[in-house]
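So the structure is just underneath, and the comments pick up after that.
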Amino acid sequence: MMNSALLAQWQAGDDAARAKLRALFDAAITGQCDADFKEPAPANSVCPTTSLHLLTLTILNQLYGLTSAEFYKGDAQRYVRTTLMTQRLLGVRKLTLGWPVYAFSVEALGQAMIYPDKHAPGPDMNKPLVPQTSRHKIDTPNMENGIPEIIDDYLACFTNLTGLNPVAHLSAPYSLAADILGQEALIVALLDAPGFVAEFLNHLTDQVLVPWLEHLAHRFPNIWLELSDASGSPFFIGPRLCREVAAPPVRQLINNFPWGNHVFVSNYRGDRPTQTDDGGRRKAASRRGKKTNRAKSGAESPAELIDFKLSVCPEFVIKLEADTMPVSFYVNQAIQRGKALYLGIGATRIDRNSITDRKAAQRELADTAAEYAQAIKTVSAALARNGHPRSTLAWPGDIYIEDINAESDFELVKTIIETVAAHGKVTAQSL
């Protein structure tokens, strides 16, 4: 079903392509493509995965006039089927399901939202959920309606259509706090009132995430529970604050509950100590005319950061685009620790608006995709020699294109997909 050329023609405004795309999505929405979604990804190949709900939103807006609220919240089966169809059109064989994680998580608590017609939703920061002084008013979401019900419906539909174990995506405590208070306010609070931040994160963990994750684990016994925490990354707040503030509530979830072995955070971006480690805290202090202590950088070696990241993502080693250590470092770390390897390709590398030399970008992406496929094969072979089969987990283990949207260059996406297919065959000799 791969037809990235059709997507490229649609993107260019071709009316015939739009009509063909409409016919394909009509068929998907009415269930005529369900049998294709049941086809498993090849077990003997390195497989790309991706997040592309934004691309599907744009397609359905143009084809059917759906607004973002109608797309994300109007019909769970339509949402899942069209998201899977978009993956198939791009040649993605390892099917996954995503949604606007941060927006959904805070909306479930009652936060006023903005749903632009053609773009993903976000919190309306002019209408804060609660003032800092009323943070304890945030209570457990009702699991029987609103966003929790929508996510349940997504996961049930995805499981039924694909036969795969579902992965639920929710905000981790720090990122949830950032969407409630605002990024700037939370960073200032880290400087002025660290005790408040720790207490607030614990409150969100106990009152929001524990009951929500328990509900999901009960409803879907084989579920994986991914907590997204880009705001709490070493890249943004520094390794020390990530380790000491953002991560402890996540480890509490992993260590203290029977479903905790299925909880993970895989998007703590940044594998090198920041210049001052205090990250945004130091910037906030500068704006407020305050001084901070530069003596304690809390700097860690890259291997120590891998140790830390594995404490909140125990099943696999991951390198995202924002991680700058060479791939060979990640290969060695994965082999030493007996973990599957997962490698990300950033959205900016396929953004058609930021590419000045398309041919050069295509060559670079082909080289990257080939290198990544070989790296994952190398790790798989080493694990197999030590008696561990190649990872069959629902989410990790292969190559992740971090975002595909309507401004992505589909020819570059095709280059990644086809290069991985050409170089990613896992044979008996490679194992």
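Each chain in the structure tokens gets a letter, A, B and so on, in the order shown; residues start at 1 in every chain, and ligands are counted from 1 in the order they appear.
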
For Tyr174 (chain A): contacts at 8 Å, only C-alpha atoms, fewer than 6 positions along chain excluded, given as a PyMOL selection string: chain A and resi 201+229+231-232+245-246

Same residues, C-alpha atoms, output as a PDB file, in the first residue's frame:
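Saved as part-v7.pdb:
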```pdb
ATOM      1  CA  LEU A 201       4.746  16.780  41.364  1.00  0.00           C
ATOM      2  CA  ASP A 229       8.524  14.396  29.666  1.00  0.00           C
ATOM      3  CA  SER A 231       9.963  19.613  29.471  1.00  0.00           C
ATOM      4  CA  GLY A 232      11.888  17.769  32.177  1.00  0.00           C
ATOM      5  CA  VAL A 245      13.203  16.805  40.329  1.00  0.00           C
ATOM      6  CA  ALA A 246      11.586  15.383  37.177  1.00  0.00           C
TER       7      ALA A 246
END
```

Contact residues around region 372-379 of chain A with only C-alpha atoms at 10 Å, ignoring same-chain residues under 6 positions, as a ChimeraX atom specification: /A:45-48,327-328,330-336,338-345,366,385,390,397-399,419-427,430-431

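Each of A:Ile147, A:Cys157, A:Ala406, A:Leu305 was compared to Arg240 (chain A) using only C-alpha atoms, and A:Leu305 turns out to be the nearest.
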
Test item: residues at most 12 Å from Thr205 (chain A), only C-alpha atoms, excluding those fewer than 3 positions along its chain, as a PyMOL selection string: chain A and resi 138-140+170-177+198-202+208-214+227+246-254+256

Can you write out the residues you just picked, keeping N, CA, C and O atoms, as a CSV table (one decimal), in the first residue's frame?
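Printed below is result.csv as written:
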```csv
chain,number,residue,atom,x,y,z
A,138,ILE,N,-6.6,20.2,42.2
A,138,ILE,CA,-6.5,19.2,41.1
A,138,ILE,C,-6.7,17.8,41.6
A,138,ILE,O,-6.0,17.3,42.4
A,139,ASP,N,-7.7,17.2,41.0
A,139,ASP,CA,-8.1,15.9,41.5
A,139,ASP,C,-8.1,14.8,40.4
A,139,ASP,O,-7.8,15.1,39.2
A,140,THR,N,-8.4,13.6,40.7
A,140,THR,CA,-8.4,12.5,39.8
A,140,THR,C,-9.4,12.7,38.6
A,140,THR,O,-10.6,13.0,38.9
A,170,LEU,N,0.9,9.4,28.1
A,170,LEU,CA,0.4,10.5,29.0
A,170,LEU,C,1.6,11.3,29.4
A,170,LEU,O,2.7,10.9,29.3
A,171,SER,N,1.3,12.5,29.9
A,171,SER,CA,2.4,13.4,30.4
A,171,SER,C,2.9,12.9,31.7
A,171,SER,O,2.2,12.4,32.6
A,172,ALA,N,4.3,12.9,31.8
A,172,ALA,CA,4.9,12.7,33.1
A,172,ALA,C,4.6,13.8,34.0
A,172,ALA,O,4.2,14.9,33.6
A,173,PRO,N,4.9,13.7,35.3
A,173,PRO,CA,4.5,14.7,36.3
A,173,PRO,C,5.1,16.1,36.0
A,173,PRO,O,4.4,17.1,36.1
A,174,TYR,N,6.4,16.1,35.7
A,174,TYR,CA,7.0,17.5,35.4
A,174,TYR,C,6.3,18.2,34.3
A,174,TYR,O,6.0,19.4,34.3
A,175,SER,N,6.2,17.5,33.1
A,175,SER,CA,5.6,18.1,32.0
A,175,SER,C,4.1,18.5,32.2
A,175,SER,O,3.6,19.5,31.7
A,176,LEU,N,3.4,17.6,33.0
A,176,LEU,CA,2.0,18.0,33.3
A,176,LEU,C,2.0,19.3,34.1
A,176,LEU,O,1.2,20.1,33.9
A,177,ALA,N,2.9,19.4,35.1
A,177,ALA,CA,3.0,20.6,35.9
A,177,ALA,C,3.3,21.8,35.0
A,177,ALA,O,2.8,22.9,35.2
A,198,ALA,N,8.4,20.0,44.3
A,198,ALA,CA,8.4,18.6,44.6
A,198,ALA,C,7.1,18.2,45.2
A,198,ALA,O,6.5,17.1,44.8
A,199,GLU,N,6.5,19.0,46.0
A,199,GLU,CA,5.1,18.7,46.5
A,199,GLU,C,4.1,18.6,45.4
A,199,GLU,O,3.2,17.7,45.4
A,200,PHE,N,4.2,19.6,44.5
A,200,PHE,CA,3.2,19.6,43.4
A,200,PHE,C,3.3,18.4,42.5
A,200,PHE,O,2.3,17.7,42.1
A,201,LEU,N,4.5,18.0,42.2
A,201,LEU,CA,4.7,16.8,41.4
A,201,LEU,C,4.2,15.5,42.1
A,201,LEU,O,3.6,14.6,41.4
A,202,ASN,N,4.5,15.4,43.4
A,202,ASN,CA,4.0,14.3,44.1
A,202,ASN,C,2.4,14.3,44.1
A,202,ASN,O,1.8,13.2,44.0
A,208,VAL,N,-3.4,12.0,40.0
A,208,VAL,CA,-3.7,11.9,38.6
A,208,VAL,C,-3.2,10.7,38.0
A,208,VAL,O,-3.9,9.8,37.4
A,209,LEU,N,-1.9,10.5,38.0
A,209,LEU,CA,-1.3,9.4,37.3
A,209,LEU,C,-1.5,8.0,37.9
A,209,LEU,O,-1.7,7.1,37.1
A,210,VAL,N,-1.4,7.9,39.2
A,210,VAL,CA,-1.6,6.6,39.8
A,210,VAL,C,-3.0,6.0,39.4
A,210,VAL,O,-3.1,4.9,38.9
A,211,PRO,N,-4.0,6.7,39.7
A,211,PRO,CA,-5.3,6.2,39.3
A,211,PRO,C,-5.5,6.0,37.8
A,211,PRO,O,-6.2,5.0,37.4
A,212,TRP,N,-5.0,6.9,37.0
A,212,TRP,CA,-5.2,6.8,35.6
A,212,TRP,C,-4.4,5.6,35.0
A,212,TRP,O,-4.9,4.8,34.3
A,213,LEU,N,-3.2,5.4,35.5
A,213,LEU,CA,-2.4,4.2,35.0
A,213,LEU,C,-3.0,2.9,35.5
A,213,LEU,O,-3.0,1.9,34.8
A,214,GLU,N,-3.5,2.9,36.8
A,214,GLU,CA,-4.1,1.7,37.3
A,214,GLU,C,-5.4,1.4,36.4
A,214,GLU,O,-5.6,0.2,36.1
A,227,LEU,N,5.3,7.7,29.6
A,227,LEU,CA,5.1,9.0,30.1
A,227,LEU,C,6.0,9.9,29.4
A,227,LEU,O,7.2,9.8,29.4
A,246,ALA,N,12.5,16.0,38.1
A,246,ALA,CA,11.6,15.4,37.2
A,246,ALA,C,11.4,13.9,37.3
A,246,ALA,O,10.3,13.3,37.2
A,247,ALA,N,12.6,13.2,37.6
A,247,ALA,CA,12.5,11.7,37.5
A,247,ALA,C,12.0,11.0,38.7
A,247,ALA,O,11.4,9.9,38.6
A,248,PRO,N,12.2,11.5,40.0
A,248,PRO,CA,11.8,10.7,41.1
A,248,PRO,C,10.3,10.3,41.1
A,248,PRO,O,10.0,9.1,41.5
A,249,PRO,N,9.3,11.2,40.7
A,249,PRO,CA,8.0,10.7,40.7
A,249,PRO,C,7.8,9.5,39.7
A,249,PRO,O,7.0,8.6,39.9
A,250,VAL,N,8.5,9.6,38.6
A,250,VAL,CA,8.4,8.5,37.6
A,250,VAL,C,9.0,7.2,38.2
A,250,VAL,O,8.4,6.1,38.0
A,251,ARG,N,10.1,7.3,38.9
A,251,ARG,CA,10.6,6.1,39.5
A,251,ARG,C,9.7,5.5,40.6
A,251,ARG,O,9.6,4.3,40.8
A,252,GLN,N,9.0,6.4,41.2
A,252,GLN,CA,8.0,5.9,42.2
A,252,GLN,C,6.9,5.1,41.5
A,252,GLN,O,6.5,4.0,42.0
A,253,LEU,N,6.5,5.5,40.3
A,253,LEU,CA,5.5,4.8,39.6
A,253,LEU,C,6.1,3.4,39.1
A,253,LEU,O,5.4,2.4,39.2
A,254,ILE,N,7.3,3.4,38.7
A,254,ILE,CA,7.9,2.2,38.2
A,254,ILE,C,8.1,1.2,39.3
A,254,ILE,O,7.9,0.0,39.2
A,256,ASN,N,6.8,1.1,42.6
A,256,ASN,CA,5.9,0.9,43.7
A,256,ASN,C,4.6,0.3,43.4
A,256,ASN,O,3.7,0.1,44.2
```

Picked from region 68-193 of chain A by DSSP as alpha helix (DSSP H), as an MDAnalysis selection string: chainID A and resid 68:73 76:90 101:107 146:162 173:181 183:192

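If you measure from each of A:Asp26, A:Glu39, A:Asp192, A:Asp179 to Lys127 (chain A) using only C-alpha atoms, the closest one turns out to be A:Asp179.
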
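CA of Val265 (chain A) lies 19.3 Å from CA of Pro221 (chain A).
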
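Among the residues of region 39-280 of chain A, backbone DSSP assigns strand (DSSP E) to Pro48, Thr49, Thr50, Met113, Ile114, Gly122, Pro123, Val167, Ala168, His169, Leu170, Ser171, Trp224, Leu225, Glu226, Leu227, Ser228, Val263 and Phe264 of chain A.
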
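Of the residues under consideration (A:Ile223, A:Val130, A:Ala19, A:Ala230), A:Ile223 shows the shortest atom-to-atom contact distance to His262 (chain A) when counting only C-alpha atoms.
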